[in-house]
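Here is the file model_1.cif (mmCIF, C-alpha atoms and all ligand atoms; chains and numbers go by the auth columns).
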```cif
data_run
#
loop_
_atom_site.group_PDB
_atom_site.id
_atom_site.type_symbol
_atom_site.label_atom_id
_atom_site.label_comp_id
_atom_site.label_asym_id
_atom_site.label_seq_id
_atom_site.Cartn_x
_atom_site.Cartn_y
_atom_site.Cartn_z
_atom_site.B_iso_or_equiv
_atom_site.auth_seq_id
_atom_site.auth_asym_id
ATOM 1 C CA MET A 1 -11.601 -15.714 12.449 0.00 1 K
ATOM 2 C CA ARG A 2 -10.176 -12.254 12.914 0.00 2 K
ATOM 3 C CA SER A 3 -12.454 -9.369 12.196 0.00 3 K
ATOM 4 C CA PRO A 4 -12.583 -6.770 10.810 0.00 4 K
ATOM 5 C CA ALA A 5 -9.662 -6.316 8.432 0.00 5 K
ATOM 6 C CA THR A 6 -7.166 -3.981 10.034 0.00 6 K
ATOM 7 C CA LEU A 7 -3.547 -3.557 11.042 0.00 7 K
ATOM 8 C CA PRO A 8 -2.113 -1.340 13.790 0.00 8 K
ATOM 9 C CA GLY A 9 -2.138 2.298 12.720 0.00 9 K
ATOM 10 C CA TYR A 10 -4.193 1.649 9.599 0.00 10 K
ATOM 11 C CA GLU A 11 -7.044 3.923 8.589 0.00 11 K
ATOM 12 C CA ARG A 12 -10.181 3.296 6.602 0.00 12 K
ATOM 13 C CA VAL A 13 -11.950 4.851 3.633 0.00 13 K
ATOM 14 C CA ASP A 14 -15.584 3.879 4.154 0.00 14 K
ATOM 15 C CA GLY A 15 -17.941 3.031 1.321 0.00 15 K
ATOM 16 C CA GLU A 16 -19.450 0.100 -0.553 0.00 16 K
ATOM 17 C CA ILE A 17 -16.003 -1.492 -0.649 0.00 17 K
ATOM 18 C CA PRO A 18 -14.063 -0.043 2.307 0.00 18 K
ATOM 19 C CA VAL A 19 -10.349 0.446 1.797 0.00 19 K
ATOM 20 C CA VAL A 20 -8.104 -0.052 4.823 0.00 20 K
ATOM 21 C CA HIS A 21 -4.711 1.581 4.357 0.00 21 K
ATOM 22 C CA ALA A 22 -1.509 2.583 6.101 0.00 22 K
ATOM 23 C CA ARG A 23 -1.316 6.127 7.416 0.00 23 K
ATOM 24 C CA GLY A 24 -0.036 8.581 4.829 0.00 24 K
ATOM 25 C CA MET A 25 -1.404 6.574 1.878 0.00 25 K
ATOM 26 C CA GLU A 26 -4.661 8.466 1.476 0.00 26 K
ATOM 27 C CA ASP A 27 -4.080 9.302 -2.180 0.00 27 K
ATOM 28 C CA GLN A 28 -3.325 5.753 -3.228 0.00 28 K
ATOM 29 C CA ALA A 29 -6.243 4.473 -1.132 0.00 29 K
ATOM 30 C CA THR A 30 -8.576 6.921 -2.854 0.00 30 K
ATOM 31 C CA GLU A 31 -7.331 5.716 -6.237 0.00 31 K
ATOM 32 C CA VAL A 32 -7.882 2.081 -5.234 0.00 32 K
ATOM 33 C CA TYR A 33 -11.337 2.988 -3.957 0.00 33 K
ATOM 34 C CA ARG A 34 -12.171 4.637 -7.265 0.00 34 K
ATOM 35 C CA LEU A 35 -10.945 1.643 -9.284 0.00 35 K
ATOM 36 C CA LEU A 36 -12.873 -0.812 -7.131 0.00 36 K
ATOM 37 C CA GLU A 37 -16.053 1.228 -7.259 0.00 37 K
ATOM 38 C CA ALA A 38 -15.922 1.581 -11.046 0.00 38 K
ATOM 39 C CA GLY A 39 -14.956 -2.065 -11.522 0.00 39 K
ATOM 40 C CA ALA A 40 -17.698 -3.295 -9.194 0.00 40 K
ATOM 41 C CA LYS A 41 -20.299 -1.311 -11.101 0.00 41 K
ATOM 42 C CA VAL A 42 -19.272 -2.879 -14.408 0.00 42 K
ATOM 43 C CA LEU A 43 -19.034 -6.355 -12.866 0.00 43 K
ATOM 44 C CA SER A 44 -22.437 -6.153 -11.171 0.00 44 K
ATOM 45 C CA GLU A 45 -24.008 -5.316 -14.507 0.00 45 K
ATOM 46 C CA LEU A 46 -21.991 -7.883 -16.393 0.00 46 K
ATOM 47 C CA LEU A 47 -22.822 -10.707 -13.993 0.00 47 K
ATOM 48 C CA ASN A 48 -26.204 -9.422 -12.895 0.00 48 K
ATOM 49 C CA SER A 49 -25.065 -9.827 -9.325 0.00 49 K
ATOM 50 C CA GLU A 50 -24.753 -7.678 -6.220 0.00 50 K
ATOM 51 C CA THR A 51 -21.318 -6.529 -5.166 0.00 51 K
ATOM 52 C CA PRO A 52 -20.192 -9.092 -2.579 0.00 52 K
ATOM 53 C CA ARG A 53 -19.274 -7.857 0.887 0.00 53 K
ATOM 54 C CA PHE A 54 -15.525 -7.601 1.319 0.00 54 K
ATOM 55 C CA GLU A 55 -12.874 -5.052 2.201 0.00 55 K
ATOM 56 C CA ALA A 56 -9.719 -3.988 0.429 0.00 56 K
ATOM 57 C CA MET A 57 -6.445 -3.625 2.311 0.00 57 K
ATOM 58 C CA LEU A 58 -3.619 -1.540 0.961 0.00 58 K
ATOM 59 C CA VAL A 59 -0.597 -2.980 2.737 0.00 59 K
ATOM 60 C CA THR A 60 2.967 -1.677 2.878 0.00 60 K
ATOM 61 C CA ASP A 61 5.996 -3.954 2.510 0.00 61 K
ATOM 62 C CA GLU A 62 6.839 -3.616 6.228 0.00 62 K
ATOM 63 C CA ASP A 63 3.390 -4.835 7.254 0.00 63 K
ATOM 64 C CA TRP A 64 3.084 -7.508 4.566 0.00 64 K
ATOM 65 C CA ASN A 65 3.726 -10.421 6.955 0.00 65 K
ATOM 66 C CA GLU A 66 0.893 -9.232 9.219 0.00 66 K
ATOM 67 C CA ALA A 67 -1.758 -9.125 6.478 0.00 67 K
ATOM 68 C CA PRO A 68 -4.579 -11.686 6.773 0.00 68 K
ATOM 69 C CA ARG A 69 -4.055 -14.844 4.724 0.00 69 K
ATOM 70 C CA GLU A 70 -4.965 -18.515 4.495 0.00 70 K
ATOM 71 C CA ASN A 71 -1.530 -19.994 5.124 0.00 71 K
ATOM 72 C CA ALA A 72 0.704 -19.652 8.169 0.00 72 K
ATOM 73 C CA ARG A 73 3.612 -18.468 6.047 0.00 73 K
ATOM 74 C CA ALA A 74 3.344 -15.022 4.437 0.00 74 K
ATOM 75 C CA TYR A 75 2.987 -14.836 0.681 0.00 75 K
ATOM 76 C CA ARG A 76 5.672 -13.201 -1.406 0.00 76 K
ATOM 77 C CA SER A 77 5.415 -9.423 -1.049 0.00 77 K
ATOM 78 C CA GLY A 78 4.131 -7.336 -3.901 0.00 78 K
ATOM 79 C CA LEU A 79 1.642 -9.970 -5.110 0.00 79 K
ATOM 80 C CA PRO A 80 -2.034 -9.180 -4.453 0.00 80 K
ATOM 81 C CA TYR A 81 -4.496 -11.842 -3.334 0.00 81 K
ATOM 82 C CA PHE A 82 -8.048 -12.369 -2.117 0.00 82 K
ATOM 83 C CA THR A 83 -8.528 -14.123 1.212 0.00 83 K
ATOM 84 C CA ARG A 84 -11.532 -15.529 3.010 0.00 84 K
ATOM 85 C CA SER A 85 -9.524 -16.119 6.202 0.00 85 K
ATOM 86 C CA ILE A 86 -11.348 -13.172 7.805 0.00 86 K
ATOM 87 C CA GLN A 87 -14.935 -11.947 7.741 0.00 87 K
ATOM 88 C CA PRO A 88 -15.757 -10.024 5.675 0.00 88 K
ATOM 89 C CA PRO A 89 -13.137 -11.389 3.255 0.00 89 K
ATOM 90 C CA ALA A 90 -10.280 -9.122 2.219 0.00 90 K
ATOM 91 C CA LEU A 91 -8.639 -8.198 -1.015 0.00 91 K
ATOM 92 C CA VAL A 92 -5.022 -7.608 -0.035 0.00 92 K
ATOM 93 C CA LEU A 93 -3.192 -5.191 -2.310 0.00 93 K
ATOM 94 C CA PRO A 94 0.474 -4.294 -1.954 0.00 94 K
ATOM 95 C CA ALA A 95 1.309 -0.598 -1.794 0.00 95 K
ATOM 96 C CA THR A 96 4.086 -1.394 -4.271 0.00 96 K
ATOM 97 C CA LEU A 97 3.481 -4.015 -6.954 0.00 97 K
ATOM 98 C CA SER A 98 6.124 -6.696 -7.380 0.00 98 K
ATOM 99 C CA PRO A 99 8.552 -5.917 -10.237 0.00 99 K
ATOM 100 C CA ALA A 100 7.400 -9.246 -11.694 0.00 100 K
ATOM 101 C CA PHE A 101 4.317 -7.473 -13.070 0.00 101 K
ATOM 102 C CA ARG A 102 4.974 -6.864 -16.750 0.00 102 K
ATOM 103 C CA PRO A 103 4.427 -4.967 -18.922 0.00 103 K
ATOM 104 C CA ARG A 104 4.302 -1.660 -17.046 0.00 104 K
ATOM 105 C CA THR A 105 1.813 0.676 -18.635 0.00 105 K
ATOM 106 C CA GLU A 106 -0.952 2.988 -17.466 0.00 106 K
ATOM 107 C CA ALA A 107 -3.212 -0.085 -17.460 0.00 107 K
ATOM 108 C CA THR A 108 -1.068 -2.340 -15.254 0.00 108 K
ATOM 109 C CA TYR A 109 -2.322 -1.344 -11.820 0.00 109 K
ATOM 110 C CA PRO A 110 -6.029 -1.059 -12.748 0.00 110 K
ATOM 111 C CA LEU A 111 -5.889 -4.476 -14.453 0.00 111 K
ATOM 112 C CA VAL A 112 -4.395 -5.997 -11.300 0.00 112 K
ATOM 113 C CA VAL A 113 -7.100 -4.452 -9.112 0.00 113 K
ATOM 114 C CA TRP A 114 -9.917 -5.630 -11.398 0.00 114 K
ATOM 115 C CA HIS A 115 -8.399 -9.086 -11.660 0.00 115 K
ATOM 116 C CA GLU A 116 -8.586 -9.453 -7.874 0.00 116 K
ATOM 117 C CA LEU A 117 -12.025 -7.864 -7.826 0.00 117 K
ATOM 118 C CA ALA A 118 -13.205 -10.524 -10.277 0.00 118 K
ATOM 119 C CA HIS A 119 -11.900 -13.229 -7.907 0.00 119 K
ATOM 120 C CA ALA A 120 -13.891 -11.592 -5.097 0.00 120 K
ATOM 121 C CA PHE A 121 -17.080 -11.600 -7.180 0.00 121 K
ATOM 122 C CA PHE A 122 -16.586 -15.180 -8.297 0.00 122 K
ATOM 123 C CA LEU A 123 -15.797 -16.475 -4.809 0.00 123 K
ATOM 124 C CA GLN A 124 -18.974 -15.057 -3.293 0.00 124 K
ATOM 125 C CA ARG A 125 -20.363 -18.547 -3.930 0.00 125 K
ATOM 126 C CA GLU A 126 -18.761 -21.892 -3.220 0.00 126 K
ATOM 127 C CA VAL A 127 -16.916 -23.104 -6.277 0.00 127 K
ATOM 128 C CA VAL A 128 -15.419 -26.426 -7.268 0.00 128 K
ATOM 129 C CA ARG A 129 -11.810 -26.879 -8.273 0.00 129 K
ATOM 130 C CA THR A 130 -10.948 -26.260 -11.917 0.00 130 K
ATOM 131 C CA PRO A 131 -7.704 -26.334 -13.914 0.00 131 K
ATOM 132 C CA VAL A 132 -5.660 -23.272 -12.967 0.00 132 K
ATOM 133 C CA TRP A 133 -5.841 -21.827 -16.483 0.00 133 K
ATOM 134 C CA LEU A 134 -9.639 -21.660 -16.378 0.00 134 K
ATOM 135 C CA GLY A 135 -9.715 -20.207 -12.856 0.00 135 K
ATOM 136 C CA GLU A 136 -7.329 -17.457 -13.951 0.00 136 K
ATOM 137 C CA PHE A 137 -8.787 -16.953 -17.428 0.00 137 K
ATOM 138 C CA LEU A 138 -11.967 -15.630 -15.873 0.00 138 K
ATOM 139 C CA PRO A 139 -10.434 -12.714 -13.904 0.00 139 K
ATOM 140 C CA GLN A 140 -8.118 -11.873 -16.801 0.00 140 K
ATOM 141 C CA ALA A 141 -11.001 -11.728 -19.275 0.00 141 K
ATOM 142 C CA VAL A 142 -13.046 -9.705 -16.784 0.00 142 K
ATOM 143 C CA SER A 143 -10.252 -7.195 -16.211 0.00 143 K
ATOM 144 C CA ALA A 144 -9.881 -6.802 -19.985 0.00 144 K
ATOM 145 C CA ALA A 145 -13.642 -6.242 -20.323 0.00 145 K
ATOM 146 C CA VAL A 146 -13.627 -3.617 -17.558 0.00 146 K
ATOM 147 C CA ALA A 147 -10.564 -1.898 -19.052 0.00 147 K
ATOM 148 C CA ARG A 148 -12.319 -1.628 -22.403 0.00 148 K
ATOM 149 C CA LYS A 149 -15.434 -0.166 -20.822 0.00 149 K
ATOM 150 C CA MET A 150 -13.359 2.323 -18.857 0.00 150 K
ATOM 151 C CA GLY A 151 -11.424 3.390 -21.943 0.00 151 K
ATOM 152 C CA LEU A 152 -8.001 2.283 -20.701 0.00 152 K
ATOM 153 C CA PRO A 153 -5.220 1.859 -23.295 0.00 153 K
ATOM 154 C CA LEU A 154 -5.545 -1.928 -23.313 0.00 154 K
ATOM 155 C CA GLU A 155 -4.212 -2.367 -26.864 0.00 155 K
ATOM 156 C CA GLU A 156 -1.035 -0.562 -25.966 0.00 156 K
ATOM 157 C CA HIS A 157 -0.637 -2.793 -22.911 0.00 157 K
ATOM 158 C CA LEU A 158 -1.277 -5.969 -24.903 0.00 158 K
ATOM 159 C CA SER A 159 1.174 -4.941 -27.590 0.00 159 K
ATOM 160 C CA GLU A 160 3.986 -5.175 -25.046 0.00 160 K
ATOM 161 C CA ILE A 161 3.226 -8.788 -24.162 0.00 161 K
ATOM 162 C CA ASP A 162 5.540 -11.505 -25.466 0.00 162 K
ATOM 163 C CA ARG A 163 3.524 -13.182 -28.227 0.00 163 K
ATOM 164 C CA GLU A 164 5.588 -16.343 -28.573 0.00 164 K
ATOM 165 C CA PRO A 165 6.766 -17.294 -25.129 0.00 165 K
ATOM 166 C CA GLY A 166 7.082 -20.989 -25.996 0.00 166 K
ATOM 167 C CA LEU A 167 4.172 -22.140 -23.885 0.00 167 K
ATOM 168 C CA THR A 168 0.397 -22.040 -23.897 0.00 168 K
ATOM 169 C CA VAL A 169 -2.071 -21.550 -21.067 0.00 169 K
ATOM 170 C CA ARG A 170 -2.780 -25.289 -21.010 0.00 170 K
ATOM 171 C CA SER A 171 0.845 -26.386 -21.100 0.00 171 K
ATOM 172 C CA LEU A 172 1.830 -24.794 -17.817 0.00 172 K
ATOM 173 C CA ARG A 173 2.055 -27.481 -15.114 0.00 173 K
ATOM 174 C CA GLY A 174 3.555 -28.005 -11.704 0.00 174 K
ATOM 175 C CA HIS A 175 5.787 -25.536 -9.920 0.00 175 K
ATOM 176 C CA VAL A 176 6.537 -22.411 -11.943 0.00 176 K
ATOM 177 C CA ASP A 177 8.770 -19.442 -11.247 0.00 177 K
ATOM 178 C CA THR A 178 7.573 -15.849 -11.105 0.00 178 K
ATOM 179 C CA TYR A 179 8.544 -15.175 -14.712 0.00 179 K
ATOM 180 C CA GLU A 180 6.580 -18.167 -16.002 0.00 180 K
ATOM 181 C CA GLN A 181 3.676 -17.198 -13.787 0.00 181 K
ATOM 182 C CA MET A 182 3.624 -13.710 -15.343 0.00 182 K
ATOM 183 C CA THR A 183 3.904 -15.147 -18.845 0.00 183 K
ATOM 184 C CA PHE A 184 0.984 -17.447 -18.067 0.00 184 K
ATOM 185 C CA GLN A 185 -1.146 -14.563 -16.761 0.00 185 K
ATOM 186 C CA ASN A 186 -0.305 -12.412 -19.771 0.00 186 K
ATOM 187 C CA LEU A 187 -1.289 -15.190 -22.182 0.00 187 K
ATOM 188 C CA LEU A 188 -4.602 -15.412 -20.354 0.00 188 K
ATOM 189 C CA LEU A 189 -5.058 -11.647 -20.518 0.00 189 K
ATOM 190 C CA SER A 190 -4.371 -11.721 -24.236 0.00 190 K
ATOM 191 C CA LEU A 191 -6.781 -14.637 -24.731 0.00 191 K
ATOM 192 C CA GLY A 192 -9.401 -12.979 -22.524 0.00 192 K
ATOM 193 C CA ALA A 193 -9.174 -9.662 -24.348 0.00 193 K
ATOM 194 C CA ALA A 194 -9.452 -11.441 -27.714 0.00 194 K
ATOM 195 C CA ALA A 195 -12.487 -13.407 -26.484 0.00 195 K
ATOM 196 C CA VAL A 196 -14.205 -10.219 -25.304 0.00 196 K
ATOM 197 C CA GLU A 197 -13.451 -8.643 -28.682 0.00 197 K
ATOM 198 C CA GLU A 198 -14.756 -11.628 -30.655 0.00 198 K
ATOM 199 C CA PHE A 199 -17.747 -12.732 -28.563 0.00 199 K
ATOM 200 C CA ARG A 200 -18.607 -9.550 -26.603 0.00 200 K
ATOM 201 C CA ASP A 201 -18.610 -9.720 -22.838 0.00 201 K
ATOM 202 C CA ARG A 202 -21.877 -11.599 -22.356 0.00 202 K
ATOM 203 C CA PHE A 203 -20.034 -14.928 -22.379 0.00 203 K
ATOM 204 C CA LEU A 204 -18.499 -14.006 -19.037 0.00 204 K
ATOM 205 C CA LYS A 205 -21.851 -14.250 -17.311 0.00 205 K
ATOM 206 C CA ARG A 206 -22.545 -17.636 -18.926 0.00 206 K
ATOM 207 C CA LEU A 207 -19.143 -18.880 -17.835 0.00 207 K
ATOM 208 C CA VAL A 208 -19.517 -17.675 -14.251 0.00 208 K
ATOM 209 C CA TYR A 209 -23.021 -19.110 -13.778 0.00 209 K
ATOM 210 C CA THR A 210 -22.019 -22.430 -15.326 0.00 210 K
ATOM 211 C CA LEU A 211 -19.052 -22.656 -12.982 0.00 211 K
ATOM 212 C CA TRP A 212 -21.234 -21.736 -10.005 0.00 212 K
ATOM 213 C CA GLY A 213 -23.526 -24.601 -10.970 0.00 213 K
ATOM 214 C CA GLU A 214 -20.785 -27.241 -11.211 0.00 214 K
ATOM 215 C CA THR A 215 -20.825 -29.727 -8.331 0.00 215 K
ATOM 216 C CA GLU A 216 -17.838 -31.930 -9.139 0.00 216 K
ATOM 217 C CA ILE A 217 -14.205 -31.092 -9.705 0.00 217 K
ATOM 218 C CA VAL A 218 -13.834 -29.745 -13.228 0.00 218 K
ATOM 219 C CA GLY A 219 -11.189 -31.706 -15.148 0.00 219 K
ATOM 220 C CA GLU A 220 -9.239 -30.615 -18.200 0.00 220 K
ATOM 221 C CA GLU A 221 -11.709 -31.851 -20.791 0.00 221 K
ATOM 222 C CA ARG A 222 -14.747 -30.464 -19.020 0.00 222 K
ATOM 223 C CA ALA A 223 -12.964 -27.122 -18.571 0.00 223 K
ATOM 224 C CA GLU A 224 -12.359 -26.801 -22.297 0.00 224 K
ATOM 225 C CA GLU A 225 -15.938 -27.755 -23.047 0.00 225 K
ATOM 226 C CA LEU A 226 -17.275 -25.253 -20.497 0.00 226 K
ATOM 227 C CA LEU A 227 -15.322 -22.369 -21.944 0.00 227 K
ATOM 228 C CA ALA A 228 -16.123 -23.278 -25.559 0.00 228 K
ATOM 229 C CA ASP A 229 -19.839 -23.495 -24.749 0.00 229 K
ATOM 230 C CA ALA A 230 -19.820 -20.238 -22.800 0.00 230 K
ATOM 231 C CA LEU A 231 -18.216 -18.434 -25.751 0.00 231 K
ATOM 232 C CA GLY A 232 -21.140 -19.549 -27.893 0.00 232 K
ATOM 233 C CA SER A 233 -21.432 -20.414 -31.542 0.00 233 K
ATOM 234 C CA GLY A 234 -18.022 -21.094 -33.081 0.00 234 K
ATOM 235 C CA GLY A 235 -16.415 -20.984 -29.653 0.00 235 K
ATOM 236 C CA ARG A 236 -14.596 -24.288 -29.873 0.00 236 K
ATOM 237 C CA GLU A 237 -13.061 -23.607 -33.298 0.00 237 K
ATOM 238 C CA TRP A 238 -12.044 -20.139 -32.234 0.00 238 K
ATOM 239 C CA LEU A 239 -10.433 -21.406 -29.035 0.00 239 K
ATOM 240 C CA LEU A 240 -8.445 -24.081 -30.837 0.00 240 K
ATOM 241 C CA SER A 241 -7.250 -21.519 -33.370 0.00 241 K
ATOM 242 C CA ARG A 242 -5.775 -19.278 -30.686 0.00 242 K
ATOM 243 C CA PRO A 243 -1.989 -19.467 -30.194 0.00 243 K
ATOM 244 C CA GLU A 244 -2.367 -18.801 -26.441 0.00 244 K
ATOM 245 C CA PHE A 245 -4.518 -21.876 -26.054 0.00 245 K
HETATM 246 ZN ZN ZN B . -5.826 -14.564 -10.067 0.00 1 Y
#
```
Would you encode the structure as structure tokens?
Ligand SMILES: [Zn+2]
Amino acid sequence: MRSPATLPGYERVDGEIPVVHARGMEDQATEVYRLLEAGAKVLSELLNSETPRFEAMLVTDEDWNEAPRENARAYRSGLPYFTRSIQPPALVLPATLSPAFRPRTEATYPLVVWHELAHAFFLQREVVRTPVWLGEFLPQAVSAAVARKMGLPLEEHLSEIDREPGLTVRSLRGHVDTYEQMTFQNLLLSLGAAAVEEFRDRFLKRLVYTLWGETEIVGEERAEELLADALGSGGREWLLSRPEF
């Protein structure tokens, strides 16, 4: 394993979550640092957990192929990800977000950062495989919860999401293109925000700890049951009534 996270010519903002960045990107790195720090504070309280040890890397397009990752082949540029291929693990953020990210509002970038931060928190323990929709629902609901706490214009952001895209979070299967992927993530954000609104954010802790306790691969049926139970009383009916689901 390579260690620590760095690339030639990159500098570092030290702190609880260090941010490694290309030279000349101090301002953006400071903004990322601020978002991570605020998000981690909310998440630690929400999950009653310490902030896991990891570093953030703000990577330019030119250096994208050199960023640490699981696979031999580089991921598509502009798409952030969390990787445990180095120690401490790294949250790799593109300096420029892929144009696939829609809608573009004041909340877009913070939501992306908190989404990845939620993955980092969740993956501090070993987790079993789950249906993709459940694994991505969690960070989307978390980012919505953080956005609400931080007073971001989440409603405005949600209002720009396509409400009837002709699919649901459970209907997406197999290989999907970038547009479908974005539609899927936006449906999950919408569902997550609605769940936080309806059930308050305490269900997130129940969901995370239940998932941490699972020892076998979580299938479709079990996934639905887990989420419904975590939501609490009336959770199942509510879930089935949601168009995104
Ligand atoms: Zn994700």
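Going from CA of Leu207 in chain K to CA of Leu227 in chain K covers 6.6 Å.
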Requested in this report: Decode the PyMOL selection byres (((not hetatm)) within 9 of (chain Y and resi 1)) for the given file into explicit residues and return them as a list in words.
Outcome: Pro80, Tyr81, Phe82, Val112, His115, Glu116, Ala118, His119, Gly135, Glu136, Phe137, Leu138, Pro139, Gln140 and Gln185 of chain K
Would you output that residue set with C-alpha atoms, as a PDB file, in the frame of the given file?
```pdb
ATOM      1  CA  PRO K  80      -2.034  -9.180  -4.453  1.00  0.00           C
ATOM      2  CA  TYR K  81      -4.496 -11.842  -3.334  1.00  0.00           C
ATOM      3  CA  PHE K  82      -8.048 -12.369  -2.117  1.00  0.00           C
ATOM      4  CA  VAL K 112      -4.395  -5.997 -11.300  1.00  0.00           C
ATOM      5  CA  HIS K 115      -8.399  -9.086 -11.660  1.00  0.00           C
ATOM      6  CA  GLU K 116      -8.586  -9.453  -7.874  1.00  0.00           C
ATOM      7  CA  ALA K 118     -13.205 -10.524 -10.277  1.00  0.00           C
ATOM      8  CA  HIS K 119     -11.900 -13.229  -7.907  1.00  0.00           C
ATOM      9  CA  GLY K 135      -9.715 -20.207 -12.856  1.00  0.00           C
ATOM     10  CA  GLU K 136      -7.329 -17.457 -13.951  1.00  0.00           C
ATOM     11  CA  PHE K 137      -8.787 -16.953 -17.428  1.00  0.00           C
ATOM     12  CA  LEU K 138     -11.967 -15.630 -15.873  1.00  0.00           C
ATOM     13  CA  PRO K 139     -10.434 -12.714 -13.904  1.00  0.00           C
ATOM     14  CA  GLN K 140      -8.118 -11.873 -16.801  1.00  0.00           C
ATOM     15  CA  GLN K 185      -1.146 -14.563 -16.761  1.00  0.00           C
TER      16      GLN K 185
END
```
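Separating CA of Phe203 in chain K from CA of Asp229 in chain K is a distance of 8.9 Å.
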Requested in this report: Provide the CA of Pro8 in chain K to CA of Asp61 in chain K distance in Å, to one decimal place.
Outcome: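 Answer for the CA of Pro8 in chain K to CA of Asp61 in chain K separation: 14.1 Å.
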Per residue of range 65-120 of chain K within 12 Å of range 13-33 of chain K, what are the shortest atom pair and its distance in Å to one decimal, counting all atoms listed in the file, with rows by chain and residue number, as CSV?
```
residue,atom,partner,partner_atom,distance
K:Ala67,CA,K:Val20,CA,11.2
K:Pro88,CA,K:Ile17,CA,10.6
K:Pro89,CA,K:Ile17,CA,11.0
K:Ala90,CA,K:Val19,CA,9.6
K:Leu91,CA,K:Val19,CA,9.2
K:Val92,CA,K:Val20,CA,9.5
K:Leu93,CA,K:Val32,CA,9.1
K:Pro94,CA,K:His21,CA,10.1
K:Ala95,CA,K:Gln28,CA,8.0
K:Thr96,CA,K:Gln28,CA,10.3
K:Tyr109,CA,K:Val32,CA,9.3
K:Pro110,CA,K:Val32,CA,8.4
K:Leu111,CA,K:Val32,CA,11.5
K:Val112,CA,K:Val32,CA,10.7
K:Val113,CA,K:Val32,CA,7.6
K:Trp114,CA,K:Val32,CA,10.1
K:Glu116,CA,K:Val32,CA,11.9
K:Leu117,CA,K:Ile17,CA,10.4
K:Ala120,CA,K:Ile17,CA,11.2
```
Requested in this report: Report as a list in words the residues that result from applying the PyMOL selection byres (((chain K and resi 52) around 7) and not hetatm) to the structure here.
Outcome: Glu50, Thr51, Arg53, Phe54, Phe121 and Gln124 of chain K
Report task. Using the chain letters and numbers from the file, give me the residues hit by the PyMOL selection byres (((chain K and resi 186) around 10) and not hetatm), as a ChimeraX atom specification. Result -> /K:101-103,137,140,158,160-163,169,180-185,187-192,244
